[in-house]
2 protein chains.
Amino acid sequence: MSPTLEPAQVASPPESAPTRGRGRPRSAAAHQAILDAAIDILAESGIEALTVEGIASRAGVGKTTIYRRWPNKELLLVEAVSNIVTADEPLPDNGSIREDLIAIAQVIRERYTRGPLGRILPALLSAQLRRPEFAQIVREHVIEPRRALVLGIVQRAVDRGELRADLDPELVFDMVTAPLFYRSVVLGRTPPEESLAAMVDMVLDSCRA
Amino acid sequence: MSPTLEPAQVASPPESAPTRGRGRPRSAAAHQAILDAAIDILAESGIEALTVEGIASRAGVGKTTIYRRWPNKELLLVEAVSNIVTADEPLPDNGSIREDLIAIAQVIRERYTRGPLGRILPALLSAQLRRPEFAQIVREHVIEPRRALVLGIVQRAVDRGELRADLDPELVFDMVTAPLFYRSVVLGRTPPEESLAAMVDMVLDSCRA
DNA sequence: CCGAAACGCAACGTTATCGTTTCGATGGGT
DNA sequence: ACCCATCGAAACGATAACGTTGCGTTTCGG
């Protein structure tokens with residue numbers, strides 16, 4: 001069922017023949033408006049309220065335009081989420097592990113409390129038990145980038161002799177990021193500036209060379 | 001609409017007149033089976049799959065029996081969740097802050113990974129942004145009991161002179177419980193025994209007198 | 001033992017969402 | 001200038017869940 005006539009490729013970006021279109025090209029603005037509307041509804045009203053008709057209405061788009069691009073709601077959501085969480089941060093380098101970790105903590109705090117990420121994360125976590133594609137998105141776009149950042153600056157601090165060489169980088173990563181997640185997403189509070197330094201200091205106290 | 005005729009009290013337990021019934025009493029077994037079925041479905045298939053008909057079917061109960069007790073799905077879920085997360089733990093007392101914190105960490109780890117709590121928590125977090133009643137359940141039944149435990153043993157350790165008197169108990173609480181939540185629920189892994197001690201030790205390193 | 005209330009079951013009408021289809025209009029390619 | 005695919009809008013049938021009602025049965029209390 002659902003013959004998907006001929007085109008309806010899986011994803012959106014032109015796959016093999018980007019210049020082969022002869023008629024009216026698909027509107028990139030509509031594409032982005034659809035993804036944005038999906039994220040907005042998910043963040044504001046939860047996954048129960050996320051309907052195709054609601055997305056179309058909010059994006060100022062016909063349902064046809066959505067179904068021409070994605071075969072179902074789930075794949076649309078996968079692309080919408082992937083689209084929002086891809087924001088690569090540069091590796092901070094202040095010459096001190098303490099300053100670097102605080103900088104990263106500020107970035108993470110910002111991402112959880114400013115944009116929609118903090119509000120949609122619980123829904124993604126709840127879905128990832130049953131949907132491997134969502135688990136991969138969370139891993140690939142949320143966890144891994146931060147892990148790379150923290151592990152990078154920890155390694156640099158070890159090389160400088162600032163930190164013990166035998167400490168567990170994974171443990172440092174979890175101890176720095178978990179309380180941020182907990183306070184921002186679980187408790188729904190924005191951790192104040194000073195608390196970031198306090199958390200970092202507590203972790204560092206047992207890591208110094 | 002939905003006049004709620006006369007009874008249909010808000011909650012389930014007999015409120016004012018427990019002995020006023022004249023006909024057949026409501027089945028306590030059915031009541032519990034309904035709550036259990038709701039939790040099971042929520043943990044296994046997510047909040048999207050949580051339907052009244054599904055709950056009735058799984059509980060071996062007619063829909064009528066459900067609607068006679070709760071006016072709608074949300075209030076049923078509120079009671080089901082409150083029902084599952086009420087398990088008071090005794091305050092551990094091993095004479096050492098380290099042993100006590102590890103004991104608490106083991107209890108928390110158990111609750112997240114053994115029962116359904118870890119699987120339904122993301123759904124509750126997602127809902128608590130829009131439903132104050134769920135926010136209160138999470139606060140009252142999940143966060144507060146653990147906070148009381150940790151704050152209690154920290155205070156005792158301070159009194160013993162084992163820990164610095166000027167440390168922030170809230171920070172200790174967050175630093176101990178957040179990584180457990182993160183690894184169990186977010187990453188979906190069961191933290192191994194040794195990692196609990198490592199996490200506790202990292203926190204304690206900056207707290208000792 | 002009699003009656004009242006709760007029980008499981010099945011069917012009901014209502015509403016909402018899905019995914020599809022049709023329609024006339026639009027606008028970028030060639 | 002002419003295509004022609006895409007556009008937004010609207011309606012479609014199908015499916016599913018909601019919440020209600022009636023029915024015959026079961027189970028207690030008085």
# chains A, B, ... in the order shown; residues from 1 in each chain; ligands from 1

call {"tool": "select_by_dssp", "arguments": {"residues": "region 81-129 of chain B", "states": "helix (DSSP H, G or I)", "output": "ChimeraX atom specification"}}
result
/B:81-84,97-113,117-128

call {"tool": "write_last_selection", "arguments": {"atoms": "N, CA, C and O atoms", "output": "compact mmCIF listing (two decimals), in the first residue's frame"}}
result
# COMPACT_ATOMS: atom_id res chain seq x y z
N VAL B 81 0.38 6.96 38.17
CA VAL B 81 1.77 7.34 38.38
C VAL B 81 2.04 7.56 39.86
O VAL B 81 3.04 7.09 40.41
N SER B 82 1.14 8.27 40.53
CA SER B 82 1.33 8.48 41.97
C SER B 82 1.43 7.14 42.68
O SER B 82 2.20 6.98 43.63
N ASN B 83 0.65 6.19 42.22
CA ASN B 83 0.59 4.89 42.86
C ASN B 83 1.90 4.13 42.75
O ASN B 83 2.30 3.42 43.67
N ILE B 84 2.59 4.29 41.63
CA ILE B 84 3.78 3.47 41.41
C ILE B 84 5.01 4.06 42.08
O ILE B 84 5.91 3.32 42.48
N ILE B 97 29.84 8.69 55.44
CA ILE B 97 29.12 9.38 54.38
C ILE B 97 29.29 8.65 53.05
O ILE B 97 28.37 8.57 52.23
N ARG B 98 30.46 8.11 52.84
CA ARG B 98 30.71 7.42 51.57
C ARG B 98 29.80 6.20 51.43
O ARG B 98 29.16 6.02 50.38
N GLU B 99 29.74 5.40 52.48
CA GLU B 99 28.90 4.20 52.40
C GLU B 99 27.43 4.58 52.26
O GLU B 99 26.68 3.94 51.52
N ASP B 100 27.01 5.61 52.96
CA ASP B 100 25.62 6.03 52.89
C ASP B 100 25.26 6.51 51.48
O ASP B 100 24.21 6.15 50.93
N LEU B 101 26.11 7.33 50.90
CA LEU B 101 25.81 7.85 49.56
C LEU B 101 25.80 6.73 48.53
O LEU B 101 24.96 6.71 47.62
N ILE B 102 26.71 5.79 48.68
CA ILE B 102 26.72 4.66 47.75
C ILE B 102 25.44 3.84 47.90
O ILE B 102 24.85 3.39 46.91
N ALA B 103 24.99 3.69 49.14
CA ALA B 103 23.75 2.94 49.36
C ALA B 103 22.58 3.63 48.67
O ALA B 103 21.75 2.99 48.02
N ILE B 104 22.52 4.96 48.81
CA ILE B 104 21.44 5.70 48.15
C ILE B 104 21.56 5.60 46.65
O ILE B 104 20.56 5.42 45.93
N ALA B 105 22.77 5.69 46.15
CA ALA B 105 22.98 5.59 44.70
C ALA B 105 22.49 4.24 44.19
O ALA B 105 21.88 4.15 43.12
N GLN B 106 22.73 3.20 44.97
CA GLN B 106 22.26 1.88 44.54
C GLN B 106 20.74 1.81 44.50
O GLN B 106 20.15 1.24 43.59
N VAL B 107 20.10 2.41 45.49
CA VAL B 107 18.64 2.42 45.51
C VAL B 107 18.09 3.16 44.31
O VAL B 107 17.18 2.69 43.61
N ILE B 108 18.65 4.32 44.03
CA ILE B 108 18.17 5.12 42.90
C ILE B 108 18.41 4.37 41.59
O ILE B 108 17.53 4.30 40.72
N ARG B 109 19.59 3.82 41.46
CA ARG B 109 19.90 3.05 40.25
C ARG B 109 18.87 1.93 40.06
O ARG B 109 18.37 1.68 38.96
N GLU B 110 18.55 1.28 41.16
CA GLU B 110 17.59 0.19 41.11
C GLU B 110 16.23 0.67 40.60
O GLU B 110 15.62 0.06 39.73
N ARG B 111 15.78 1.78 41.17
CA ARG B 111 14.46 2.29 40.82
C ARG B 111 14.40 2.70 39.34
O ARG B 111 13.36 2.56 38.69
N TYR B 112 15.48 3.22 38.82
CA TYR B 112 15.48 3.67 37.43
C TYR B 112 15.53 2.50 36.45
O TYR B 112 14.93 2.56 35.37
N THR B 113 16.25 1.47 36.80
CA THR B 113 16.52 0.43 35.80
C THR B 113 15.69 -0.82 36.00
O THR B 113 15.45 -1.55 35.05
N LEU B 117 9.81 2.91 36.24
CA LEU B 117 10.00 4.34 36.47
C LEU B 117 10.89 4.99 35.43
O LEU B 117 10.56 6.04 34.87
N GLY B 118 12.02 4.35 35.15
CA GLY B 118 12.95 4.94 34.20
C GLY B 118 12.35 5.12 32.82
O GLY B 118 12.70 6.06 32.10
N ARG B 119 11.42 4.24 32.45
CA ARG B 119 10.87 4.32 31.10
C ARG B 119 9.72 5.33 31.01
O ARG B 119 9.43 5.83 29.95
N ILE B 120 9.05 5.58 32.12
CA ILE B 120 7.93 6.52 32.04
C ILE B 120 8.36 7.93 32.41
O ILE B 120 7.64 8.88 32.11
N LEU B 121 9.51 8.08 33.01
CA LEU B 121 9.94 9.42 33.44
C LEU B 121 10.03 10.42 32.29
O LEU B 121 9.54 11.54 32.42
N PRO B 122 10.62 10.06 31.15
CA PRO B 122 10.65 11.04 30.07
C PRO B 122 9.27 11.53 29.67
O PRO B 122 9.07 12.72 29.43
N ALA B 123 8.30 10.62 29.61
CA ALA B 123 6.95 11.04 29.26
C ALA B 123 6.40 12.01 30.30
O ALA B 123 5.75 13.00 29.98
N LEU B 124 6.69 11.74 31.58
CA LEU B 124 6.21 12.63 32.63
C LEU B 124 6.89 13.99 32.53
O LEU B 124 6.25 15.03 32.68
N LEU B 125 8.19 13.99 32.26
CA LEU B 125 8.90 15.26 32.14
C LEU B 125 8.33 16.06 30.98
O LEU B 125 8.16 17.27 31.06
N SER B 126 8.05 15.36 29.90
CA SER B 126 7.50 16.05 28.73
C SER B 126 6.13 16.63 29.04
O SER B 126 5.76 17.70 28.55
N ALA B 127 5.37 15.93 29.86
CA ALA B 127 4.01 16.38 30.17
C ALA B 127 3.99 17.45 31.24
O ALA B 127 3.08 18.27 31.29
N GLN B 128 5.00 17.48 32.09
CA GLN B 128 4.93 18.37 33.25
C GLN B 128 5.06 19.83 32.85
O GLN B 128 4.74 20.72 33.63

call {"tool": "interface_residues", "arguments": {"of": "chain B", "to": "chain A", "cutoff": "7 Å", "atoms": "only C-alpha atoms", "output": "PyMOL selection string"}}
result
chain B and resi 46+48+122-123+125-126+174-175+178-179+182+186+202-203+205-206

call {"tool": "interface_residues", "arguments": {"of": "chain C", "to": "chain A", "cutoff": "9 Å", "atoms": "only C-alpha atoms (C1' of nucleotides)", "output": "list in words"}}
result
DT17, DC18, DG19, DT26, DG27, DG28, DG29 and DT30 of chain C

call {"tool": "interface_residues", "arguments": {"of": "chain D", "to": "chain B", "cutoff": "6 Å", "atoms": "only C-alpha atoms (C1' of nucleotides)", "output": "ChimeraX atom specification"}}
result
/D:27-29

call {"tool": "atom_distance", "arguments": {"atom1": "C1' of DA16 (chain D)", "atom2": "CA of Ser57 (chain B)"}}
result
15.3 Å

call {"tool": "atom_distance", "arguments": {"atom1": "CA of Ala80 (chain B)", "atom2": "CA of Thr65 (chain B)"}}
result
15.3 Å
